[in-house]
Each structure stands twice: as structure tokens, then as C-alpha cells.
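S.K.: Supplied structure: start.cif, mmCIF, C-alpha atoms.
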```
data_data
loop_
_atom_site.group_PDB
_atom_site.id
_atom_site.type_symbol
_atom_site.label_atom_id
_atom_site.label_comp_id
_atom_site.auth_asym_id
_atom_site.auth_seq_id
_atom_site.Cartn_x
_atom_site.Cartn_y
_atom_site.Cartn_z
ATOM 1 C CA MET A 362 14.875 -11.582 12.505
ATOM 2 C CA ILE A 363 12.878 -8.722 10.970
ATOM 3 C CA LEU A 364 9.419 -9.384 9.522
ATOM 4 C CA VAL A 365 8.483 -7.211 6.510
ATOM 5 C CA THR A 366 4.858 -7.353 5.397
ATOM 6 C CA GLY A 367 4.102 -6.287 1.828
ATOM 7 C CA GLY A 368 7.689 -7.300 1.205
ATOM 8 C CA THR A 369 7.323 -7.985 -2.526
ATOM 9 C CA GLY A 370 5.681 -4.605 -3.119
ATOM 10 C CA PHE A 371 7.266 -1.326 -4.131
ATOM 11 C CA ILE A 372 8.361 0.237 -0.842
ATOM 12 C CA GLY A 373 8.455 -3.098 0.974
ATOM 13 C CA SER A 374 10.880 -4.745 -1.466
ATOM 14 C CA ASN A 375 13.216 -1.759 -1.280
ATOM 15 C CA ILE A 376 13.180 -2.037 2.508
ATOM 16 C CA VAL A 377 13.927 -5.750 2.193
ATOM 17 C CA ALA A 378 16.900 -4.901 -0.048
ATOM 18 C CA ALA A 379 18.232 -2.300 2.398
ATOM 19 C CA LEU A 380 17.902 -4.657 5.373
ATOM 20 C CA ALA A 381 19.465 -7.554 3.452
ATOM 21 C CA THR A 382 22.451 -5.350 2.609
ATOM 22 C CA ARG A 383 22.870 -4.774 6.334
ATOM 23 C CA GLY A 384 22.918 -8.531 6.904
ATOM 24 C CA ALA A 385 19.534 -8.779 8.619
ATOM 25 C CA LYS A 386 17.758 -12.117 8.842
ATOM 26 C CA LEU A 387 14.427 -11.597 7.084
ATOM 27 C CA ALA A 388 10.910 -12.963 6.962
ATOM 28 C CA VAL A 389 8.679 -11.632 4.170
ATOM 29 C CA CYS A 390 4.886 -11.713 4.166
ATOM 30 C CA ASP A 391 2.782 -10.969 1.066
ATOM 31 C CA ARG A 392 0.277 -12.416 -1.416
ATOM 32 C CA HIS A 393 2.475 -12.393 -4.503
ATOM 33 C CA PHE A 394 5.135 -15.080 -4.254
ATOM 34 C CA ASP A 395 3.864 -16.794 -7.412
ATOM 35 C CA ASP A 396 3.743 -13.838 -9.832
ATOM 36 C CA SER A 397 6.076 -11.228 -11.287
ATOM 37 C CA ARG A 398 6.284 -9.286 -8.031
ATOM 38 C CA ALA A 399 8.347 -12.111 -6.553
ATOM 39 C CA GLY A 400 11.149 -10.835 -8.791
ATOM 40 C CA ASN A 401 11.373 -7.772 -6.556
ATOM 41 C CA ILE A 402 13.047 -9.877 -3.859
ATOM 42 C CA ALA A 403 14.857 -12.326 -6.145
ATOM 43 C CA GLY A 404 18.402 -12.962 -5.023
ATOM 44 C CA ARG A 405 17.749 -11.905 -1.424
ATOM 45 C CA GLU A 406 18.282 -14.333 1.423
ATOM 46 C CA ILE A 407 14.824 -14.767 2.925
ATOM 47 C CA ALA A 408 14.494 -17.046 5.930
ATOM 48 C CA HIS A 409 10.697 -17.320 5.729
ATOM 49 C CA GLN A 410 8.046 -16.500 3.105
ATOM 50 C CA ILE A 411 4.553 -16.221 4.593
ATOM 51 C CA GLU A 412 1.276 -15.904 2.728
ATOM 52 C CA ALA A 413 -0.705 -12.955 4.078
ATOM 53 C CA ASP A 414 -3.674 -15.056 5.228
ATOM 54 C CA ASP A 415 -1.316 -17.247 7.253
ATOM 55 C CA LEU A 416 0.519 -14.424 9.016
ATOM 56 C CA MET A 417 -1.164 -14.344 12.411
ATOM 57 C CA PRO A 418 -1.157 -18.150 12.841
ATOM 58 C CA TRP A 419 2.524 -18.167 11.789
ATOM 59 C CA LEU A 420 3.343 -15.590 14.475
ATOM 60 C CA GLN A 421 1.729 -17.536 17.283
ATOM 61 C CA GLY A 422 4.340 -18.942 19.642
ATOM 62 C CA ARG A 423 7.297 -17.272 17.905
ATOM 63 C CA ASP A 424 9.921 -15.570 20.025
ATOM 64 C CA ASP A 425 12.533 -14.852 17.336
ATOM 65 C CA ILE A 426 11.043 -11.689 15.783
ATOM 66 C CA ASP A 427 13.109 -8.590 16.595
ATOM 67 C CA ALA A 428 10.976 -6.055 14.689
ATOM 68 C CA VAL A 429 7.986 -5.824 12.362
ATOM 69 C CA VAL A 430 8.005 -3.471 9.373
ATOM 70 C CA HIS A 431 4.383 -3.403 8.244
ATOM 71 C CA MET A 432 4.102 -2.142 4.646
ATOM 72 C CA GLY A 433 1.331 -4.508 3.536
ATOM 73 C CA ALA A 434 -1.867 -2.722 2.513
ATOM 74 C CA ILE A 435 -4.498 -2.208 -0.136
ATOM 75 C CA SER A 436 -2.783 0.919 -1.441
ATOM 76 C CA ALA A 437 -4.740 1.721 -4.621
ATOM 77 C CA THR A 438 -6.515 5.044 -4.170
ATOM 78 C CA THR A 439 -9.123 3.812 -6.654
ATOM 79 C CA GLU A 440 -10.137 0.747 -4.597
ATOM 80 C CA THR A 441 -13.772 1.047 -3.462
ATOM 81 C CA ASP A 442 -14.307 -2.246 -1.581
ATOM 82 C CA ALA A 443 -14.522 -0.754 1.901
ATOM 83 C CA ASP A 444 -14.767 -4.149 3.643
ATOM 84 C CA LEU A 445 -11.576 -5.366 1.951
ATOM 85 C CA ILE A 446 -9.766 -2.138 2.805
ATOM 86 C CA LEU A 447 -10.844 -2.299 6.454
ATOM 87 C CA ARG A 448 -9.849 -5.951 6.821
ATOM 88 C CA THR A 449 -6.443 -5.401 5.249
ATOM 89 C CA ASN A 450 -5.472 -1.877 6.303
ATOM 90 C CA VAL A 451 -7.083 -1.596 9.727
ATOM 91 C CA TRP A 452 -7.995 -4.895 11.374
ATOM 92 C CA LEU A 453 -4.786 -6.720 10.371
ATOM 93 C CA SER A 454 -2.772 -3.703 11.480
ATOM 94 C CA LEU A 455 -4.532 -3.797 14.851
ATOM 95 C CA GLU A 456 -3.762 -7.492 15.211
ATOM 96 C CA LEU A 457 -0.090 -6.796 14.504
ATOM 97 C CA TRP A 458 -0.099 -3.885 16.967
ATOM 98 C CA ASP A 459 -1.527 -6.146 19.710
ATOM 99 C CA TRP A 460 0.935 -8.947 18.894
ATOM 100 C CA CYS A 461 3.918 -6.583 18.962
ATOM 101 C CA ALA A 462 2.726 -5.064 22.245
ATOM 102 C CA ALA A 463 2.282 -8.490 23.833
ATOM 103 C CA HIS A 464 5.688 -9.733 22.633
ATOM 104 C CA ASP A 465 7.695 -6.528 23.190
ATOM 105 C CA VAL A 466 8.508 -6.158 19.477
ATOM 106 C CA PRO A 467 8.984 -2.787 17.689
ATOM 107 C CA LEU A 468 6.475 -1.921 14.936
ATOM 108 C CA ILE A 469 7.182 0.427 12.032
ATOM 109 C CA TYR A 470 4.140 0.790 9.790
ATOM 110 C CA ALA A 471 3.047 2.565 6.613
ATOM 111 C CA SER A 472 0.602 5.390 6.980
ATOM 112 C CA SER A 473 0.137 7.797 4.064
ATOM 113 C CA ALA A 474 0.014 11.460 3.092
ATOM 114 C CA GLN A 475 -3.477 10.545 1.864
ATOM 115 C CA VAL A 476 -4.632 11.219 5.450
ATOM 116 C CA TYR A 477 -4.377 14.954 4.618
ATOM 117 C CA GLY A 478 -7.124 14.748 2.003
ATOM 118 C CA ASP A 479 -7.137 17.697 -0.379
ATOM 119 C CA GLY A 480 -4.367 19.408 1.577
ATOM 120 C CA SER A 481 -6.490 22.427 2.504
ATOM 121 C CA LEU A 482 -5.584 21.940 6.186
ATOM 122 C CA GLY A 483 -1.874 21.647 5.471
ATOM 123 C CA PHE A 484 0.510 18.731 5.928
ATOM 124 C CA ASP A 485 1.530 18.951 9.580
ATOM 125 C CA ASP A 486 2.100 15.560 11.244
ATOM 126 C CA ASP A 487 0.672 16.865 14.518
ATOM 127 C CA PRO A 488 0.306 13.722 16.669
ATOM 128 C CA SER A 489 -2.606 14.948 18.806
ATOM 129 C CA GLN A 490 -6.030 13.372 18.603
ATOM 130 C CA GLU A 491 -7.520 16.830 18.188
ATOM 131 C CA ALA A 492 -5.444 17.574 15.087
ATOM 132 C CA MET A 493 -6.175 14.200 13.489
ATOM 133 C CA ALA A 494 -9.909 14.615 14.154
ATOM 134 C CA GLN A 495 -9.860 17.654 11.849
ATOM 135 C CA LEU A 496 -8.413 15.747 8.867
ATOM 136 C CA ARG A 497 -10.704 14.607 6.069
ATOM 137 C CA ALA A 498 -9.338 11.918 3.760
ATOM 138 C CA ILE A 499 -10.944 11.867 0.301
ATOM 139 C CA THR A 500 -10.246 8.241 -0.700
ATOM 140 C CA PRO A 501 -11.175 4.985 1.060
ATOM 141 C CA TYR A 502 -7.453 4.153 1.217
ATOM 142 C CA GLY A 503 -6.641 7.462 2.885
ATOM 143 C CA ALA A 504 -9.563 7.071 5.271
ATOM 144 C CA SER A 505 -8.313 3.633 6.356
ATOM 145 C CA LYS A 506 -4.831 5.000 7.085
ATOM 146 C CA LEU A 507 -6.257 7.915 9.029
ATOM 147 C CA LEU A 508 -8.513 5.565 11.018
ATOM 148 C CA PHE A 509 -5.598 3.396 12.083
ATOM 149 C CA ASP A 510 -3.485 6.435 13.023
ATOM 150 C CA ARG A 511 -6.350 7.711 15.171
ATOM 151 C CA LEU A 512 -6.771 4.317 16.844
ATOM 152 C CA VAL A 513 -3.052 4.284 17.641
ATOM 153 C CA ALA A 514 -3.321 7.794 19.105
ATOM 154 C CA ARG A 515 -6.208 6.654 21.323
ATOM 155 C CA GLN A 516 -4.185 3.650 22.537
ATOM 156 C CA ARG A 517 -1.265 5.976 23.279
ATOM 157 C CA ASP A 518 -3.296 8.546 25.183
ATOM 158 C CA ALA A 519 -5.178 5.900 27.164
ATOM 159 C CA GLY A 520 -1.886 4.382 28.302
ATOM 160 C CA LEU A 521 -2.846 0.990 26.871
ATOM 161 C CA ALA A 522 -0.345 -1.680 25.886
ATOM 162 C CA ALA A 523 1.867 -0.630 22.983
ATOM 163 C CA PRO A 524 4.936 -1.964 21.186
ATOM 164 C CA PRO A 525 8.202 -0.831 22.823
ATOM 165 C CA GLN A 526 8.796 1.277 19.693
ATOM 166 C CA TRP A 527 6.211 2.315 17.135
ATOM 167 C CA ALA A 528 6.264 4.701 14.186
ATOM 168 C CA GLY A 529 3.678 5.484 11.509
ATOM 169 C CA LEU A 530 5.246 6.838 8.315
ATOM 170 C CA ARG A 531 3.131 9.126 6.145
ATOM 171 C CA PHE A 532 4.662 8.588 2.710
ATOM 172 C CA PHE A 533 4.324 11.378 0.152
ATOM 173 C CA ASN A 534 4.987 10.931 -3.614
ATOM 174 C CA VAL A 535 7.391 7.996 -3.639
ATOM 175 C CA TYR A 536 9.164 6.966 -6.857
ATOM 176 C CA GLY A 537 11.959 4.592 -7.758
ATOM 177 C CA PRO A 538 12.849 1.017 -8.696
ATOM 178 C CA GLN A 539 10.413 -1.873 -8.492
ATOM 179 C CA GLU A 540 7.117 -0.027 -8.892
ATOM 180 C CA GLY A 541 6.313 -1.493 -12.314
ATOM 181 C CA HIS A 542 3.574 -3.779 -10.971
ATOM 182 C CA LYS A 543 1.536 -0.849 -9.613
ATOM 183 C CA GLY A 544 -0.232 -0.072 -12.911
ATOM 184 C CA ASP A 545 -1.971 3.304 -12.761
ATOM 185 C CA MET A 546 -0.610 3.784 -9.229
ATOM 186 C CA ARG A 547 2.953 3.991 -10.588
ATOM 187 C CA SER A 548 4.768 7.305 -10.400
ATOM 188 C CA VAL A 549 4.485 9.639 -13.381
ATOM 189 C CA ILE A 550 8.170 8.907 -14.034
ATOM 190 C CA ALA A 551 7.495 5.208 -14.547
ATOM 191 C CA LYS A 552 4.325 5.822 -16.582
ATOM 192 C CA THR A 553 5.784 8.382 -18.985
ATOM 193 C CA PHE A 554 9.284 6.945 -19.382
ATOM 194 C CA PRO A 555 8.469 4.635 -22.345
ATOM 195 C CA ALA A 556 6.992 7.523 -24.346
ATOM 196 C CA LEU A 557 9.912 9.831 -23.612
ATOM 197 C CA GLN A 558 12.423 7.094 -24.406
ATOM 198 C CA SER A 559 10.779 6.613 -27.807
ATOM 199 C CA GLY A 560 11.089 10.321 -28.624
ATOM 200 C CA GLN A 561 7.601 11.497 -27.741
ATOM 201 C CA ALA A 562 6.679 14.586 -25.749
ATOM 202 C CA MET A 563 5.856 14.654 -22.044
ATOM 203 C CA ARG A 564 2.112 15.167 -21.571
ATOM 204 C CA LEU A 565 0.909 17.047 -18.492
ATOM 205 C CA PHE A 566 -2.459 18.320 -17.284
ATOM 206 C CA ARG A 567 -3.328 21.918 -17.961
ATOM 207 C CA SER A 568 -4.061 23.902 -14.829
ATOM 208 C CA ASP A 569 -7.674 24.881 -14.216
ATOM 209 C CA ARG A 570 -6.702 27.393 -11.498
ATOM 210 C CA ASP A 571 -5.509 30.939 -12.051
ATOM 211 C CA ASP A 572 -2.923 30.718 -9.256
ATOM 212 C CA TYR A 573 -1.043 27.820 -10.919
ATOM 213 C CA GLY A 574 0.353 27.840 -14.447
ATOM 214 C CA ASP A 575 0.233 24.771 -16.680
ATOM 215 C CA GLY A 576 2.646 22.226 -15.192
ATOM 216 C CA GLY A 577 3.050 24.390 -12.104
ATOM 217 C CA GLN A 578 1.137 22.005 -9.865
ATOM 218 C CA MET A 579 3.491 20.874 -7.081
ATOM 219 C CA ARG A 580 4.308 17.613 -5.310
ATOM 220 C CA ASP A 581 6.788 16.455 -2.679
ATOM 221 C CA PHE A 582 8.626 13.732 -4.599
ATOM 222 C CA ILE A 583 10.787 11.332 -2.553
ATOM 223 C CA HIS A 584 13.054 8.543 -3.799
ATOM 224 C CA VAL A 585 12.173 5.137 -2.368
ATOM 225 C CA ARG A 586 15.795 4.686 -1.295
ATOM 226 C CA ASP A 587 15.350 7.555 1.169
ATOM 227 C CA CYS A 588 12.234 5.875 2.562
ATOM 228 C CA ALA A 589 14.176 2.655 3.177
ATOM 229 C CA GLU A 590 16.961 4.617 4.879
ATOM 230 C CA VAL A 591 14.485 6.217 7.284
ATOM 231 C CA VAL A 592 13.092 2.792 8.206
ATOM 232 C CA CYS A 593 16.605 1.481 8.874
ATOM 233 C CA TRP A 594 17.373 4.567 10.974
ATOM 234 C CA LEU A 595 14.248 4.041 13.051
ATOM 235 C CA LEU A 596 15.215 0.433 13.717
ATOM 236 C CA ASP A 597 18.629 1.699 14.857
ATOM 237 C CA ASN A 598 16.993 4.253 17.180
ATOM 238 C CA PRO A 599 14.455 2.356 19.288
ATOM 239 C CA GLY A 600 13.688 5.373 21.452
ATOM 240 C CA VAL A 601 11.992 7.199 18.573
ATOM 241 C CA ASN A 602 8.199 6.875 18.481
ATOM 242 C CA GLY A 603 5.382 8.709 16.735
ATOM 243 C CA PHE A 604 3.752 9.733 13.485
ATOM 244 C CA PHE A 605 6.208 11.084 10.918
ATOM 245 C CA ASN A 606 5.781 12.610 7.475
ATOM 246 C CA LEU A 607 8.131 11.108 4.911
ATOM 247 C CA GLY A 608 8.798 13.441 2.019
ATOM 248 C CA THR A 609 11.725 15.723 1.291
ATOM 249 C CA GLY A 610 10.065 18.821 2.712
ATOM 250 C CA GLN A 611 10.470 20.553 -0.663
ATOM 251 C CA ALA A 612 7.610 20.721 -3.171
ATOM 252 C CA ARG A 613 8.590 20.688 -6.860
ATOM 253 C CA THR A 614 6.527 21.290 -9.983
ATOM 254 C CA TRP A 615 5.577 18.804 -12.666
ATOM 255 C CA LEU A 616 7.644 20.956 -15.016
ATOM 256 C CA ASP A 617 10.663 20.393 -12.747
ATOM 257 C CA LEU A 618 10.032 16.676 -12.972
ATOM 258 C CA ALA A 619 9.707 16.778 -16.756
ATOM 259 C CA HIS A 620 12.942 18.736 -17.163
ATOM 260 C CA ALA A 621 14.760 16.280 -14.863
ATOM 261 C CA MET A 622 13.543 13.360 -16.997
ATOM 262 C CA PHE A 623 14.614 14.956 -20.287
ATOM 263 C CA ALA A 624 18.008 15.824 -18.785
ATOM 264 C CA ALA A 625 18.500 12.213 -17.695
ATOM 265 C CA LEU A 626 17.653 11.048 -21.222
ATOM 266 C CA GLY A 627 19.877 13.662 -22.879
ATOM 267 C CA ARG A 628 16.928 15.254 -24.692
ATOM 268 C CA GLU A 629 15.715 18.820 -25.029
ATOM 269 C CA PRO A 630 12.415 19.242 -23.142
ATOM 270 C CA GLU A 631 9.279 18.722 -25.233
ATOM 271 C CA ILE A 632 6.112 19.175 -23.208
ATOM 272 C CA GLU A 633 2.459 19.116 -24.272
ATOM 273 C CA PHE A 634 -0.481 20.083 -22.084
ATOM 274 C CA PHE A 635 -3.955 18.564 -22.238
ATOM 275 C CA GLU A 636 -7.203 19.292 -20.483
ATOM 276 C CA MET A 637 -7.764 17.792 -17.072
ATOM 277 C CA PRO A 638 -10.656 15.288 -17.053
ATOM 278 C CA GLU A 639 -13.899 16.778 -15.778
ATOM 279 C CA GLU A 640 -14.083 14.259 -12.935
ATOM 280 C CA LEU A 641 -10.784 15.580 -11.540
ATOM 281 C CA LYS A 642 -11.579 19.286 -11.723
ATOM 282 C CA GLY A 643 -12.140 20.643 -8.240
ATOM 283 C CA ARG A 644 -10.674 17.453 -6.713
ATOM 284 C CA TYR A 645 -7.144 17.518 -8.117
ATOM 285 C CA GLN A 646 -4.394 18.214 -5.584
ATOM 286 C CA TYR A 647 -2.347 21.233 -6.625
ATOM 287 C CA PHE A 648 0.187 21.251 -3.795
ATOM 288 C CA THR A 649 1.738 18.767 -1.374
ATOM 289 C CA GLN A 650 4.746 19.389 0.831
ATOM 290 C CA ALA A 651 5.683 17.341 3.857
ATOM 291 C CA GLU A 652 6.311 19.203 7.094
ATOM 292 C CA MET A 653 9.502 17.423 8.191
ATOM 293 C CA MET A 654 10.177 19.166 11.510
ATOM 294 C CA ARG A 655 9.194 16.256 13.734
ATOM 295 C CA LEU A 656 11.406 13.663 12.048
ATOM 296 C CA ARG A 657 14.298 16.139 12.155
ATOM 297 C CA GLN A 658 13.655 16.901 15.820
ATOM 298 C CA ALA A 659 13.681 13.159 16.509
ATOM 299 C CA GLY A 660 17.276 13.109 15.261
ATOM 300 C CA TYR A 661 17.147 12.199 11.568
ATOM 301 C CA ASP A 662 19.811 14.409 9.994
ATOM 302 C CA ARG A 663 20.545 12.803 6.622
ATOM 303 C CA ASP A 664 19.974 14.692 3.380
ATOM 304 C CA PHE A 665 17.208 13.589 1.047
ATOM 305 C CA THR A 666 17.940 12.901 -2.604
ATOM 306 C CA SER A 667 17.234 15.892 -4.864
ATOM 307 C CA LEU A 668 14.636 15.446 -7.586
ATOM 308 C CA GLU A 669 17.259 15.833 -10.319
ATOM 309 C CA ASP A 670 19.630 13.278 -8.783
ATOM 310 C CA GLY A 671 16.831 10.868 -7.948
ATOM 311 C CA VAL A 672 15.288 10.946 -11.420
ATOM 312 C CA ALA A 673 18.697 10.525 -13.077
ATOM 313 C CA ASP A 674 19.486 7.583 -10.797
ATOM 314 C CA TYR A 675 16.101 5.958 -11.451
ATOM 315 C CA ILE A 676 16.260 6.346 -15.224
ATOM 316 C CA ASN A 677 19.940 5.559 -15.832
ATOM 317 C CA GLY A 678 20.397 3.035 -13.063
ATOM 318 C CA TYR A 679 17.147 1.130 -13.478
ATOM 319 C CA LEU A 680 14.615 2.023 -16.187
ATOM 320 C CA LEU A 681 17.153 2.085 -19.046
ATOM 321 C CA ARG A 682 18.312 -1.356 -17.971
#
```
Just give me the structure as C-alpha cells.
M.R.:
Amino acid sequence: MILVTGGTGFIGSNIVAALATRGAKLAVCDRHFDDSRAGNIAGREIAHQIEADDLMPWLQGRDDIDAVVHMGAISATTETDADLILRTNVWLSLELWDWCAAHDVPLIYASSAQVYGDGSLGFDDDPSQEAMAQLRAITPYGASKLLFDRLVARQRDAGLAAPPQWAGLRFFNVYGPQEGHKGDMRSVIAKTFPALQSGQAMRLFRSDRDDYGDGGQMRDFIHVRDCAEVVCWLLDNPGVNGFFNLGTGQARTWLDLAHAMFAALGREPEIEFFEMPEELKGRYQYFTQAEMMRLRQAGYDRDFTSLEDGVADYINGYLLR
């Protein structure tokens, strides 16, 4: 049986779907079994549904868990309750780490590209404590993910008890089905689709830097299906351990994204630019691109979905339905 925390959420529910397709017996932990997010796992065979506050008591005495996929987190970059973020993103993760180590259970967990802060130091998933000590996250969410990664690195280097397999996945700009509940944290695709579908223009920030044209800001966009495939691959390869970036390794512009959306909708591109809010100027990220060497060196050799194919699949296979 595989336990997926955050299993009704965006990435978590897609992992649940991928594992269910493979015939895995599943336990899902989350806080949202009584609202619309429960629809994200509707129709899946779930052996156990566990409320988040009951997780650690539920695990006590169990010997039937084969792996833990820990996607549960306070993931909003706008959340400012530091105590809540620490309890959810760090202390619970440490409890799961200790439980998996004590019970010889693999642990795959969600880190984030937010650990790289403004990106000025690059996006290299260097696993050393020295490299991670240089990183400066700029959101409480990113800081919590970086803190847990650094605690894991300390455990590793001290030779302390660890799960038989562990991997921290630093997700970049993930998009795809079942992100509707995320509000302002949804991908730009999900947020702008209704306007484009109704015939309106795509609205993008103007650039306030001379080295980037309007709409030329770049992101590493990755389809959530690819994220689920990497998790499944890790579970199939128990000898692979470490911190791994999870993007495509290819940065694309917002203009590329806009053109892909209009192509999927069969419309000629119509793009308007508006001024970036003052509070974002000087803090807005102009470039992200995952360094994917370490995951490739570990043996992952599958192609990632192109932006054009991924956007077309998301719009025609999901949003238009």
C-alpha cells in the first residue's frame, strides 16, 4: 500500500491517479474530503482516507505501508502564518521522515523551486550542505522547503537513520488538470483560460528590465503528468536517492505560452501588456530553468512534454470539458 499525503490536491491527486492506473493499493491523507477537492480523487479505489491531524496516530503500529509520497503542504506563496507553515511543512515532514526510517519505508517528498529564491544564484540542485547554505528563499513557503531540505542533508551527512529510499523533488512551474481549487496559485493557463475562451485578449505584465522584452520573461513550465511519471519511476527504482529538480530543463517565455494557448483554441494571438504592480518591481522572477543533470544521471531518460503539446492537452482534454 502506498500512502499519498496531500492526495486531494493538485500534484497529489495526479499522483494518486497515476498509481491507481498501475493497480496500486492506496491510502490518501488530506484535509479536504468534505469539499470540492474530494472530486479530484472521485472514482479512484482508495483503501483508506485519513484526516491530516490523524495521520501519525493512524500510522502507529502499521506494517502494511510500502512507500510514502508526501505532497501535503501549505503551498501558497502568500501565506504569512509562519507557525502554521512550520508545523505543516517542516515538523510533520520530520515526523514522517523518522517514521519511514524506523519502519524501513521509502519516502518521496515535495520540495520546491522556491528554495532558489530570486534565482540569482542559479537553479542547480547541488545536494551539499554548503550549496544549500548559500540559498535565500524569499517566501515563507520557500523558506520552509529549504529548511527541511537542509535538515535532511544534515541527517544524511551525520549518518543518522534514514528511510531506505528518499527523494526531495523541487517542482518548478507545474500546470495541468485538477488545479482549479488553488485560486491565485493556479497556473496562468488556468487563470486566463476563461477570458481567452470568451474571445478576450491575453494580458501579460510589461517588462521593467531592459534585458527582457514585454512577455519575454521566462519560466520552466512542466505538465503535472510528467511530475507523476517521475514519482512512479522513483518508486520503481529504490536505489535512487537525493534532491532532484523537476522541470523540463527548458525555459520558455510567457509569449510562447500565450501562443500555445491561442493555437489550442484555434484563435489568432491577441496579447495586451499592462504595467507590473509596484510591489512586484524588483522582486519579480524573470527567469527560471531547472538544471536536470542529476535526475538524468540517476537514470531518468523519458522525454518531458513540450509546452505546446502540454497546453493543447490541458485545454482540449480537460479545460474545454
S.K.: With 8 Å as the cut-off and only C-alpha atoms counted, what is the closest atom pair between each nearby residue of segment 585-607 of chain A and segment 524-539 of chain A? Distances in Å to one decimal, ordered by chain and number, as a tab-separated table.
M.R.:
```
residue	atom	partner	partner_atom	distance
A:Val585	CA	A:Gly537	CA	5.4
A:Arg586	CA	A:Gly537	CA	7.5
A:Pro599	CA	A:Gln526	CA	5.8
A:Gly600	CA	A:Gln526	CA	6.6
A:Val601	CA	A:Gln526	CA	6.8
A:Asn602	CA	A:Trp527	CA	5.2
A:Gly603	CA	A:Ala528	CA	4.8
A:Phe604	CA	A:Gly529	CA	4.7
A:Phe605	CA	A:Leu530	CA	5.1
A:Asn606	CA	A:Arg531	CA	4.6
A:Leu607	CA	A:Phe532	CA	4.8
```
S.K.: Please list, as a list of chain:residue names, the residues that have an atom at most 10 Å away from (-4.5, 20.1, -17.5) in the coordinates of this file, counting only C-alpha atoms.
M.R.: A:Arg564, A:Leu565, A:Phe566, A:Arg567, A:Ser568, A:Asp569, A:Arg570, A:Gly574, A:Asp575, A:Gly576, A:Gln578, A:Glu633, A:Phe634, A:Phe635, A:Glu636, A:Met637, A:Pro638, A:Leu641, A:Lys642
S.K.: Ranking A:Val592, A:Ala625, A:Ile411, A:Val476 by minimum distance to Thr500 of chain A and counting all atoms listed in the file, which one comes first?
M.R.: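 Checking each candidate against Thr500 of chain A, we get A:Val476 as the closest.
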S.K.: In terms of the shortest atom-to-atom distance over only C-alpha atoms, which of A:Ser489, A:Ser481, A:Ser505, A:Thr649 is closest to Ile446 of chain A?
M.R.: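 Ranked by minimum distance to Ile446 of chain A, first place goes to A:Ser505.
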S.K.: Might I get the box with edges along x, y and z of the file that holds all atoms of segment 468-477 of chain A listed there, padded by 8 Å on every side, given as centre and edge lengths in Å to one decimal, as AutoDock Vina command-line options?
M.R.:
```
--center_x 1.3 --center_y 6.5 --center_z 8.4 --size_x 27.8 --size_y 32.9 --size_z 29.1
```
S.K.: With all atoms listed in the file as the basis for distance, which of A:Gly560, A:Leu512, A:Ile376, A:Arg644 is at the shortest distance from Trp452 of chain A?
M.R.: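 Looking only at the distances to Trp452 of chain A, the closest residue turns out to be A:Leu512.
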S.K.: What's the separation between atom CA of Asp581 of chain A and atom CA of Gly370 of chain A, in Å to one decimal place?
M.R.: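 Atom CA of Gly370 of chain A lies at a distance of 21.1 Å from atom CA of Asp581 of chain A.
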S.K.: Which residue, A:Tyr647, A:Trp594, A:Phe623, A:Tyr679, has the smallest gap to Gly480 of chain A when you use only C-alpha atoms?
M.R.: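 Among A:Tyr647, A:Trp594, A:Phe623, A:Tyr679, it is A:Tyr647 that comes nearest to Gly480 of chain A.
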S.K.: What is the distance between atom CA of Met417 of chain A and atom CA of Met546 of chain A, in Å to one decimal?
M.R.: 28.2 Å
S.K.: Nearest residue to Tyr573 of chain A out of A:Phe554, A:Phe394, A:Phe648, A:Phe509, using only C-alpha atoms?
M.R.: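 Closest to Tyr573 of chain A of all the choices is A:Phe648.
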